[in-house]
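The next block is entry.cif, given as mmCIF, C-alpha atoms.
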```cif
data_query
loop_
_atom_site.group_PDB
_atom_site.id
_atom_site.type_symbol
_atom_site.label_atom_id
_atom_site.label_comp_id
_atom_site.auth_asym_id
_atom_site.auth_seq_id
_atom_site.Cartn_x
_atom_site.Cartn_y
_atom_site.Cartn_z
ATOM 1 C CA MET A 1 -13.643 141.060 26.575
ATOM 2 C CA THR A 2 -16.888 140.645 24.624
ATOM 3 C CA PRO A 3 -17.798 143.190 21.906
ATOM 4 C CA ALA A 4 -20.985 144.052 23.826
ATOM 5 C CA ALA A 5 -19.041 144.800 26.986
ATOM 6 C CA ALA A 6 -16.517 146.930 25.103
ATOM 7 C CA ALA A 7 -19.273 148.921 23.431
ATOM 8 C CA GLN A 8 -20.692 149.991 26.810
ATOM 9 C CA LEU A 9 -17.412 151.461 28.017
ATOM 10 C CA GLN A 10 -16.353 155.069 28.036
ATOM 11 C CA ARG A 11 -12.846 155.454 26.656
ATOM 12 C CA ILE A 12 -10.139 157.188 28.663
ATOM 13 C CA ASP A 13 -7.938 159.252 26.373
ATOM 14 C CA VAL A 14 -6.634 162.799 26.163
ATOM 15 C CA GLU A 15 -9.722 164.217 24.515
ATOM 16 C CA ALA A 16 -12.075 162.462 26.927
ATOM 17 C CA LEU A 17 -10.253 163.930 29.927
ATOM 18 C CA ARG A 18 -10.125 167.402 28.433
ATOM 19 C CA ALA A 19 -13.908 167.124 28.252
ATOM 20 C CA TRP A 20 -13.939 165.931 31.898
ATOM 21 C CA PRO A 21 -11.737 168.586 33.535
ATOM 22 C CA LEU A 22 -10.503 168.411 37.082
ATOM 23 C CA PRO A 23 -12.082 170.774 39.616
ATOM 24 C CA PRO A 24 -10.615 174.228 38.936
ATOM 25 C CA LEU A 25 -7.919 175.656 41.157
ATOM 26 C CA ASP A 26 -8.261 179.156 42.545
ATOM 27 C CA GLY A 27 -5.047 180.967 41.723
ATOM 28 C CA GLU A 28 -5.267 182.856 45.034
ATOM 29 C CA ALA A 29 -6.117 179.856 47.203
ATOM 30 C CA ASP A 30 -3.659 178.472 49.741
ATOM 31 C CA LYS A 31 -2.498 174.875 50.091
ATOM 32 C CA GLU A 32 -5.519 173.968 52.236
ATOM 33 C CA ALA A 33 -7.766 174.506 49.216
ATOM 34 C CA ARG A 34 -5.911 171.820 47.258
ATOM 35 C CA GLY A 35 -6.604 169.214 49.913
ATOM 36 C CA GLN A 36 -4.594 167.110 52.329
ATOM 37 C CA VAL A 37 -3.422 163.587 51.550
ATOM 38 C CA LEU A 38 -2.707 161.072 54.284
ATOM 39 C CA VAL A 39 -0.508 158.251 52.974
ATOM 40 C CA ILE A 40 -0.497 155.213 55.272
ATOM 41 C CA ALA A 41 2.204 153.094 53.722
ATOM 42 C CA GLY A 42 5.648 151.569 53.894
ATOM 43 C CA SER A 43 7.455 149.074 56.101
ATOM 44 C CA ARG A 44 10.977 148.276 57.196
ATOM 45 C CA GLU A 45 11.468 146.185 54.056
ATOM 46 C CA ILE A 46 9.674 148.492 51.593
ATOM 47 C CA PRO A 47 9.980 152.073 52.873
ATOM 48 C CA GLY A 48 10.323 153.498 49.371
ATOM 49 C CA ALA A 49 6.700 152.750 48.501
ATOM 50 C CA ALA A 50 5.553 155.496 50.858
ATOM 51 C CA VAL A 51 7.994 157.963 49.300
ATOM 52 C CA LEU A 52 6.937 157.119 45.744
ATOM 53 C CA ALA A 53 3.222 157.430 46.513
ATOM 54 C CA ALA A 54 3.673 160.632 48.486
ATOM 55 C CA THR A 55 5.813 162.236 45.777
ATOM 56 C CA ALA A 56 3.214 161.479 43.122
ATOM 57 C CA ALA A 57 0.429 162.922 45.277
ATOM 58 C CA LEU A 58 2.273 166.238 45.543
ATOM 59 C CA ARG A 59 3.304 166.278 41.889
ATOM 60 C CA VAL A 60 -0.324 166.177 40.729
ATOM 61 C CA GLY A 61 -1.157 169.134 42.927
ATOM 62 C CA ALA A 62 -2.283 168.053 46.400
ATOM 63 C CA GLY A 63 -1.704 170.854 48.879
ATOM 64 C CA LYS A 64 -0.652 169.121 52.102
ATOM 65 C CA LEU A 65 0.885 165.768 52.865
ATOM 66 C CA ALA A 66 1.161 163.520 55.885
ATOM 67 C CA ILE A 67 2.779 160.078 55.854
ATOM 68 C CA ALA A 68 2.011 157.477 58.515
ATOM 69 C CA THR A 69 4.492 154.627 58.436
ATOM 70 C CA ALA A 70 6.323 151.998 60.457
ATOM 71 C CA ALA A 71 8.334 153.510 63.296
ATOM 72 C CA SER A 72 11.531 151.772 62.172
ATOM 73 C CA VAL A 73 11.607 153.754 58.912
ATOM 74 C CA ALA A 74 9.849 156.983 59.888
ATOM 75 C CA VAL A 75 13.036 159.042 60.251
ATOM 76 C CA PRO A 76 14.596 158.072 56.899
ATOM 77 C CA ILE A 77 11.247 158.650 55.177
ATOM 78 C CA ALA A 78 11.008 162.086 56.810
ATOM 79 C CA LEU A 79 14.464 162.928 55.482
ATOM 80 C CA ALA A 80 13.527 161.683 52.015
ATOM 81 C CA MET A 81 10.254 163.695 52.064
ATOM 82 C CA PRO A 82 10.938 167.044 53.746
ATOM 83 C CA GLU A 83 7.569 168.275 52.446
ATOM 84 C CA ALA A 84 5.647 165.841 54.651
ATOM 85 C CA ARG A 85 4.640 165.457 58.246
ATOM 86 C CA VAL A 86 5.690 161.912 59.160
ATOM 87 C CA ILE A 87 3.946 159.888 61.875
ATOM 88 C CA ALA A 88 5.716 156.874 63.375
ATOM 89 C CA LEU A 89 3.445 153.900 64.051
ATOM 90 C CA PRO A 90 3.942 150.734 66.136
ATOM 91 C CA GLU A 91 4.884 147.586 64.237
ATOM 92 C CA THR A 92 4.015 143.914 64.470
ATOM 93 C CA PRO A 93 6.777 141.272 64.730
ATOM 94 C CA ALA A 94 6.161 140.494 61.042
ATOM 95 C CA GLY A 95 6.908 144.077 60.062
ATOM 96 C CA GLY A 96 3.376 145.340 59.561
ATOM 97 C CA ILE A 97 1.678 148.336 61.149
ATOM 98 C CA ASP A 98 -0.154 147.273 64.283
ATOM 99 C CA ALA A 99 -3.927 147.714 64.148
ATOM 100 C CA ASP A 100 -3.721 149.564 67.472
ATOM 101 C CA ALA A 101 -2.070 152.374 65.498
ATOM 102 C CA ALA A 102 -5.553 153.416 64.390
ATOM 103 C CA ARG A 103 -6.017 155.409 67.599
ATOM 104 C CA LEU A 104 -2.927 157.471 66.725
ATOM 105 C CA LEU A 105 -4.348 158.288 63.307
ATOM 106 C CA GLU A 106 -7.872 159.412 64.143
ATOM 107 C CA ARG A 107 -7.131 163.136 63.984
ATOM 108 C CA GLU A 108 -5.085 162.832 60.794
ATOM 109 C CA VAL A 109 -7.759 160.749 59.058
ATOM 110 C CA ARG A 110 -10.479 163.227 59.992
ATOM 111 C CA SER A 111 -8.330 166.103 58.682
ATOM 112 C CA ALA A 112 -7.546 164.424 55.363
ATOM 113 C CA SER A 113 -9.297 165.045 52.076
ATOM 114 C CA CYS A 114 -8.053 161.683 50.829
ATOM 115 C CA VAL A 115 -6.526 158.702 52.619
ATOM 116 C CA LEU A 116 -4.312 156.249 50.733
ATOM 117 C CA LEU A 117 -3.630 152.933 52.461
ATOM 118 C CA GLY A 118 -1.472 149.992 51.496
ATOM 119 C CA PRO A 119 1.612 150.675 49.364
ATOM 120 C CA GLY A 120 4.604 148.742 50.674
ATOM 121 C CA MET A 121 2.846 147.426 53.781
ATOM 122 C CA LEU A 122 3.748 144.006 55.198
ATOM 123 C CA ASP A 123 1.826 141.535 57.391
ATOM 124 C CA PRO A 124 -1.438 141.144 55.446
ATOM 125 C CA ARG A 125 -3.513 140.253 58.496
ATOM 126 C CA ALA A 126 -2.323 143.282 60.468
ATOM 127 C CA THR A 127 -2.919 145.501 57.438
ATOM 128 C CA ARG A 128 -6.419 144.120 57.007
ATOM 129 C CA ASP A 129 -7.208 144.689 60.682
ATOM 130 C CA LEU A 130 -5.848 148.248 60.532
ATOM 131 C CA VAL A 131 -8.026 149.073 57.517
ATOM 132 C CA ALA A 132 -11.080 147.528 59.171
ATOM 133 C CA THR A 133 -10.482 149.600 62.312
ATOM 134 C CA LEU A 134 -10.030 152.794 60.308
ATOM 135 C CA ALA A 135 -12.998 152.152 57.975
ATOM 136 C CA PRO A 136 -15.605 154.018 60.076
ATOM 137 C CA LEU A 137 -13.361 157.101 60.072
ATOM 138 C CA LEU A 138 -13.208 157.203 56.273
ATOM 139 C CA ALA A 139 -16.783 158.459 55.942
ATOM 140 C CA GLY A 140 -16.995 161.772 54.138
ATOM 141 C CA ARG A 141 -13.545 161.637 52.545
ATOM 142 C CA ALA A 142 -11.983 159.926 49.559
ATOM 143 C CA ALA A 143 -10.169 156.667 50.297
ATOM 144 C CA VAL A 144 -7.865 154.613 48.078
ATOM 145 C CA LEU A 145 -6.986 151.049 49.093
ATOM 146 C CA ASP A 146 -3.959 149.634 47.317
ATOM 147 C CA ALA A 147 -1.838 146.486 47.643
ATOM 148 C CA ALA A 148 -2.304 144.644 50.975
ATOM 149 C CA ALA A 149 -4.961 147.113 52.176
ATOM 150 C CA MET A 150 -7.379 145.664 49.615
ATOM 151 C CA ASP A 151 -7.599 142.461 51.651
ATOM 152 C CA ALA A 152 -10.070 144.301 53.863
ATOM 153 C CA ALA A 153 -12.695 144.302 51.106
ATOM 154 C CA PRO A 154 -13.758 140.623 51.336
ATOM 155 C CA PHE A 155 -13.408 140.806 55.131
ATOM 156 C CA LEU A 156 -15.726 143.833 55.469
ATOM 157 C CA GLY A 157 -18.197 142.674 52.819
ATOM 158 C CA ARG A 158 -19.484 146.066 51.686
ATOM 159 C CA PHE A 159 -18.224 149.561 52.379
ATOM 160 C CA ASP A 160 -20.699 152.062 53.816
ATOM 161 C CA GLU A 161 -19.390 154.615 51.308
ATOM 162 C CA PRO A 162 -17.524 153.711 48.110
ATOM 163 C CA VAL A 163 -13.738 153.531 48.295
ATOM 164 C CA LEU A 164 -11.366 152.935 45.397
ATOM 165 C CA LEU A 165 -9.677 149.546 45.005
ATOM 166 C CA THR A 166 -6.754 149.180 42.565
ATOM 167 C CA PRO A 167 -6.026 145.479 41.920
ATOM 168 C CA HIS A 168 -4.183 144.016 38.967
ATOM 169 C CA ALA A 169 -5.537 140.698 37.675
ATOM 170 C CA GLY A 170 -3.503 138.605 40.112
ATOM 171 C CA GLU A 171 -4.659 140.644 43.089
ATOM 172 C CA MET A 172 -8.257 140.472 41.864
ATOM 173 C CA ALA A 173 -7.993 136.688 41.655
ATOM 174 C CA HIS A 174 -6.679 136.644 45.233
ATOM 175 C CA LEU A 175 -9.514 138.869 46.468
ATOM 176 C CA THR A 176 -12.358 137.079 44.695
ATOM 177 C CA GLY A 177 -11.139 133.493 44.370
ATOM 178 C CA ASP A 178 -11.765 133.713 40.619
ATOM 179 C CA ASP A 179 -9.370 132.444 37.984
ATOM 180 C CA LYS A 180 -6.751 134.996 36.917
ATOM 181 C CA GLU A 181 -7.031 134.020 33.262
ATOM 182 C CA ALA A 182 -10.799 134.511 33.367
ATOM 183 C CA ILE A 183 -10.280 137.997 34.805
ATOM 184 C CA LEU A 184 -7.808 138.814 32.046
ATOM 185 C CA ARG A 185 -10.299 137.614 29.438
ATOM 186 C CA ASP A 186 -13.087 139.826 30.765
ATOM 187 C CA PRO A 187 -11.785 142.547 33.091
ATOM 188 C CA VAL A 188 -14.957 144.573 32.507
ATOM 189 C CA GLN A 189 -17.173 141.952 34.099
ATOM 190 C CA ALA A 190 -14.647 141.362 36.864
ATOM 191 C CA ALA A 191 -14.512 145.062 37.723
ATOM 192 C CA ARG A 192 -18.283 145.520 37.604
ATOM 193 C CA THR A 193 -18.976 142.449 39.712
ATOM 194 C CA ALA A 194 -16.466 143.462 42.381
ATOM 195 C CA ALA A 195 -17.663 147.087 42.387
ATOM 196 C CA HIS A 196 -21.235 145.972 43.013
ATOM 197 C CA ARG A 197 -20.243 143.342 45.580
ATOM 198 C CA TRP A 198 -18.158 145.686 47.725
ATOM 199 C CA ASN A 199 -19.832 149.039 46.996
ATOM 200 C CA ALA A 200 -16.527 150.310 45.641
ATOM 201 C CA VAL A 201 -14.979 151.906 42.612
ATOM 202 C CA VAL A 202 -12.732 149.165 41.237
ATOM 203 C CA ALA A 203 -9.852 149.634 38.806
ATOM 204 C CA VAL A 204 -8.561 146.379 37.337
ATOM 205 C CA LYS A 205 -5.092 147.443 36.194
ATOM 206 C CA GLY A 206 -3.119 146.148 33.250
ATOM 207 C CA PRO A 207 -2.297 146.981 29.623
ATOM 208 C CA ARG A 208 -6.053 147.554 29.423
ATOM 209 C CA THR A 209 -7.309 149.125 32.637
ATOM 210 C CA VAL A 210 -11.013 148.998 33.447
ATOM 211 C CA ILE A 211 -12.622 151.254 36.060
ATOM 212 C CA ALA A 212 -16.127 150.410 37.306
ATOM 213 C CA ARG A 213 -18.525 152.059 39.730
ATOM 214 C CA PRO A 214 -21.043 150.169 41.882
ATOM 215 C CA ASP A 215 -23.843 151.208 39.490
ATOM 216 C CA GLY A 216 -22.085 149.470 36.583
ATOM 217 C CA GLN A 217 -20.791 152.545 34.756
ATOM 218 C CA ALA A 218 -17.331 151.732 33.444
ATOM 219 C CA TRP A 219 -14.326 153.225 31.671
ATOM 220 C CA LEU A 220 -11.521 151.667 29.643
ATOM 221 C CA HIS A 221 -7.952 152.824 29.090
ATOM 222 C CA ASP A 222 -5.748 151.190 26.462
ATOM 223 C CA GLY A 223 -2.128 152.228 26.645
ATOM 224 C CA GLY A 224 1.099 152.408 28.546
ATOM 225 C CA ASN A 225 4.119 150.290 27.764
ATOM 226 C CA ALA A 226 6.295 147.485 29.076
ATOM 227 C CA GLY A 227 8.475 149.886 31.035
ATOM 228 C CA LEU A 228 5.614 150.627 33.424
ATOM 229 C CA ALA A 229 5.813 147.039 34.662
ATOM 230 C CA THR A 230 8.561 147.928 37.126
ATOM 231 C CA SER A 231 8.995 147.995 40.892
ATOM 232 C CA GLY A 232 7.196 150.922 42.490
ATOM 233 C CA SER A 233 5.171 151.872 39.414
ATOM 234 C CA GLY A 234 1.868 150.984 41.088
ATOM 235 C CA ASP A 235 2.809 153.056 44.134
ATOM 236 C CA THR A 236 3.204 156.153 41.971
ATOM 237 C CA LEU A 237 -0.158 155.493 40.334
ATOM 238 C CA ALA A 238 -1.905 155.096 43.697
ATOM 239 C CA GLY A 239 -0.302 158.299 44.964
ATOM 240 C CA ALA A 240 -1.314 160.257 41.885
ATOM 241 C CA ILE A 241 -4.913 159.093 42.218
ATOM 242 C CA ALA A 242 -4.942 160.091 45.885
ATOM 243 C CA GLY A 243 -3.516 163.523 45.090
ATOM 244 C CA LEU A 244 -6.159 164.153 42.428
ATOM 245 C CA ALA A 245 -8.919 163.009 44.776
ATOM 246 C CA ALA A 246 -7.590 165.384 47.448
ATOM 247 C CA ARG A 247 -7.974 168.208 44.922
ATOM 248 C CA GLY A 248 -11.681 167.426 44.725
ATOM 249 C CA ALA A 249 -12.030 164.920 41.893
ATOM 250 C CA THR A 250 -14.462 162.055 42.391
ATOM 251 C CA LEU A 251 -12.868 158.639 42.862
ATOM 252 C CA GLU A 252 -13.650 157.534 39.316
ATOM 253 C CA GLN A 253 -12.397 160.817 37.823
ATOM 254 C CA ALA A 254 -9.233 160.788 39.935
ATOM 255 C CA CYS A 255 -8.606 157.198 38.860
ATOM 256 C CA ALA A 256 -9.216 157.918 35.162
ATOM 257 C CA TRP A 257 -6.896 160.920 35.225
ATOM 258 C CA GLY A 258 -4.286 159.055 37.273
ATOM 259 C CA VAL A 259 -4.279 156.102 34.885
ATOM 260 C CA LEU A 260 -3.804 158.351 31.852
ATOM 261 C CA LEU A 261 -1.113 160.500 33.509
ATOM 262 C CA HIS A 262 0.747 157.340 34.545
ATOM 263 C CA ALA A 263 0.539 155.810 31.070
ATOM 264 C CA GLN A 264 1.495 159.015 29.261
ATOM 265 C CA ALA A 265 4.401 159.566 31.641
ATOM 266 C CA GLY A 266 5.619 156.078 30.793
ATOM 267 C CA GLU A 267 5.316 156.810 27.065
ATOM 268 C CA GLN A 268 7.357 159.991 27.388
ATOM 269 C CA LEU A 269 10.068 158.298 29.422
ATOM 270 C CA ALA A 270 10.175 155.403 26.962
ATOM 271 C CA ALA A 271 10.594 157.795 24.048
ATOM 272 C CA ARG A 272 13.412 159.632 25.790
ATOM 273 C CA LEU A 273 15.231 156.832 27.645
ATOM 274 C CA GLY A 274 14.166 153.543 26.083
ATOM 275 C CA PRO A 275 11.210 151.149 26.312
ATOM 276 C CA VAL A 276 12.399 149.614 29.596
ATOM 277 C CA GLY A 277 14.803 150.673 32.312
ATOM 278 C CA TYR A 278 13.296 153.950 33.451
ATOM 279 C CA LEU A 279 12.460 154.053 37.158
ATOM 280 C CA ALA A 280 9.257 154.517 39.094
ATOM 281 C CA ARG A 281 10.816 157.506 40.870
ATOM 282 C CA GLU A 282 11.013 159.245 37.471
ATOM 283 C CA LEU A 283 7.289 158.951 36.784
ATOM 284 C CA PRO A 284 5.886 161.662 39.127
ATOM 285 C CA LEU A 285 7.813 164.525 37.538
ATOM 286 C CA GLU A 286 6.815 163.293 34.094
ATOM 287 C CA MET A 287 3.185 163.128 35.251
ATOM 288 C CA LEU A 288 3.430 166.810 36.149
ATOM 289 C CA ALA A 289 4.461 167.640 32.592
ATOM 290 C CA VAL A 290 1.563 165.618 31.168
ATOM 291 C CA LEU A 291 -0.869 167.245 33.601
ATOM 292 C CA ARG A 292 0.322 170.698 32.553
ATOM 293 C CA GLU A 293 -0.475 169.897 28.926
ATOM 294 C CA LEU A 294 -3.877 168.414 29.723
ATOM 295 C CA ASP A 295 -4.823 171.385 31.890
ATOM 296 C CA ARG A 296 -4.128 173.867 29.109
ATOM 297 C CA PRO A 297 -7.193 175.382 27.375
ATOM 298 C CA HIS A 298 -8.477 173.630 24.246
ATOM 299 C CA GLY A 299 -6.319 174.450 21.275
ATOM 300 C CA ALA A 300 -3.631 176.170 23.325
ATOM 301 C CA ALA A 301 -1.060 173.431 22.772
ATOM 302 C CA ALA A 302 -1.595 173.392 19.029
ATOM 303 C CA ALA A 303 -1.494 177.184 18.880
ATOM 304 C CA SER A 304 1.757 177.363 20.817
ATOM 305 C CA GLN A 305 3.344 174.768 18.563
ATOM 306 C CA GLY A 306 2.209 176.634 15.489
ATOM 307 C CA SER A 307 3.533 180.030 16.572
ATOM 308 C CA LYS A 308 7.106 180.967 15.768
ATOM 309 C CA PRO A 309 9.219 183.424 17.703
ATOM 310 C CA THR A 310 9.949 186.609 15.775
#
```

Final structure tokens representation of the file:
Amino acid sequence: MTPAAAAQLQRIDVEALRAWPLPPLDGEADKEARGQVLVIAGSREIPGAAVLAATAALRVGAGKLAIATAASVAVPIALAMPEARVIALPETPAGGIDADAARLLEREVRSASCVLLGPGMLDPRATRDLVATLAPLLAGRAAVLDAAAMDAAPFLGRFDEPVLLTPHAGEMAHLTGDDKEAILRDPVQAARTAAHRWNAVVAVKGPRTVIARPDGQAWLHDGGNAGLATSGSGDTLAGAIAGLAARGATLEQACAWGVLLHAQAGEQLAARLGPVGYLARELPLEMLAVLRELDRPHGAAAASQGSKPT
């Protein structure tokens, strides 16, 4: 990353997010006011990805949850997530969700505040075709494309309205045809170029995560630890971002908050359990604790630590 590029970035840290608060919650509002997340995810080989993403979405405060997943795993996912409505979708022979499933999802997509597509989905071509079929329905609502769902970006060219894409460097290389090492050297330029090309908010994930909007505005987060590089970790991050977007945050704000919550949760688990070996399923509850601290009024945390019981 060049010094000039780094100088143009806005840093993502605790103080920056406290100055960029999430949309306030009405203490008397019902669950509808906190938004509905539709998680389209999972497969017969990777059903847990849907559960991880959905759990994170609820932990950060989304009000309602629906999961659309492969029919072969819909029942076990419903048992694992009693908080969710679960929709069983037809599968391809390769284990993906058939693109014809889009007609079964129209009402759910139109009802959702945020739609998350991709975690744990198989059959890249079927996933791409499903996303392309659903794309016109995403207008007017937040959309997060993760994992295999991102393959729709080069296929569609440009989105009519920005969506959020969440590639790590390897996935970005796959999507753009660029060299992975070049992306790692300058993730800022990679994120900005892709954001402009696809009319998307793009988060290039890694030890240094860069978020870019189509207009070139960008943010940088430095942090996290080795323990976050574990199976399912990205699914929890995608779910957290979707949950925050459902609450009313813009895509870039939801992503910035999600990235910090994810990293801070990893730091807390590492301090308590060890630098590696904690599980992705443990991250959502830890994110809730971090979110509680960030949502407290300025100075409240320090004041509470300084006060002593009498």

Applied to this file, what does the PyMOL selection byres ((chain A and resi 103) around 12) return in terms of residues, put as a count of residues only? 18

Using all atoms listed in the file, the residue out of A:Ile67, A:Leu273, A:Cys255, A:Ala112 with shortest distance to A:Leu17 is A:Cys255

- request: Given the file shown, enumerate the residues that the PyMOL selection byres ((chain A and resi 70) around 9) captures and present them as JSON, numbers by chain.
  value: {"A": [41, 42, 43, 44, 47, 68, 69, 71, 72, 73, 74, 87, 88, 89, 90, 91, 95, 96, 97, 98, 121]}

By how many Å are atom CA of A:Leu65 and atom CA of A:Leu283 apart?
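Rounded to one decimal, the two atoms are 18.6 Å apart.
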
Given the file above and the PyMOL selection byres ((chain A and resi 139) around 12), which residues are selected, and can you give them as number ranges by chain?
A: 109-115, 134-138, 140-143, 159-163

Pick the closest to A:Arg281 from A:Leu175, A:Met81, A:Ala53, A:Ala256: which is it, counting all atoms listed in the file?
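With all atoms listed in the file as the atom set, the closest residue is A:Ala53.
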
task = Would you mind listing what lies within 7 Å of stretch 212-229 of chain A as a list of chain:residue names, with all atoms listed in the file counted and same-chain residues fewer than 4 positions away left out?
result = A:Leu9, A:Gln10, A:Arg11, A:Ile12, A:Asp13, A:Ala191, A:Arg192, A:Ala195, A:His196, A:Asn199, A:Ala200, A:Val201, A:Val202, A:Ala203, A:Pro207, A:Arg208, A:Ser233, A:Ala263, A:Gln264, A:Gly266, A:Glu267, A:Pro275, A:Val276, A:Gly277, A:Tyr278

If I only have part of stretch 177-192 of chain A, can you fill in N, CA and C atoms and write it as a tab-separated table (two decimals), in the coordinates of the input?
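This went into part.tsv:
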```tsv
chain	number	residue	atom	x	y	z
A	177	GLY	N	-11.18	134.94	44.55
A	177	GLY	CA	-11.14	133.49	44.37
A	177	GLY	C	-11.40	133.07	42.94
A	178	ASP	N	-11.54	134.03	42.02
A	178	ASP	CA	-11.76	133.71	40.62
A	178	ASP	C	-10.44	133.39	39.93
A	179	ASP	N	-10.54	132.81	38.76
A	179	ASP	CA	-9.37	132.44	37.98
A	179	ASP	C	-8.74	133.68	37.35
A	180	LYS	N	-7.43	133.83	37.47
A	180	LYS	CA	-6.75	135.00	36.92
A	180	LYS	C	-6.95	135.09	35.41
A	181	GLU	N	-6.87	133.98	34.72
A	181	GLU	CA	-7.03	134.02	33.26
A	181	GLU	C	-8.43	134.47	32.87
A	182	ALA	N	-9.43	134.07	33.65
A	182	ALA	CA	-10.80	134.51	33.37
A	182	ALA	C	-10.93	136.02	33.56
A	183	ILE	N	-10.25	136.55	34.58
A	183	ILE	CA	-10.28	138.00	34.80
A	183	ILE	C	-9.60	138.73	33.65
A	184	LEU	N	-8.49	138.20	33.17
A	184	LEU	CA	-7.81	138.81	32.05
A	184	LEU	C	-8.65	138.78	30.78
A	185	ARG	N	-9.45	137.71	30.62
A	185	ARG	CA	-10.30	137.61	29.44
A	185	ARG	C	-11.43	138.63	29.48
A	186	ASP	N	-11.96	138.90	30.66
A	186	ASP	CA	-13.09	139.83	30.76
A	186	ASP	C	-12.93	140.72	31.99
A	187	PRO	N	-11.99	141.67	31.94
A	187	PRO	CA	-11.78	142.55	33.09
A	187	PRO	C	-12.97	143.47	33.35
A	188	VAL	N	-13.78	143.71	32.33
A	188	VAL	CA	-14.96	144.57	32.51
A	188	VAL	C	-15.93	143.92	33.47
A	189	GLN	N	-16.24	142.65	33.22
A	189	GLN	CA	-17.17	141.95	34.10
A	189	GLN	C	-16.59	141.79	35.49
A	190	ALA	N	-15.30	141.51	35.56
A	190	ALA	CA	-14.65	141.36	36.86
A	190	ALA	C	-14.74	142.65	37.67
A	191	ALA	N	-14.47	143.77	37.02
A	191	ALA	CA	-14.51	145.06	37.72
A	191	ALA	C	-15.93	145.40	38.15
A	192	ARG	N	-16.89	145.18	37.27
A	192	ARG	CA	-18.28	145.52	37.60
A	192	ARG	C	-18.81	144.64	38.73
```
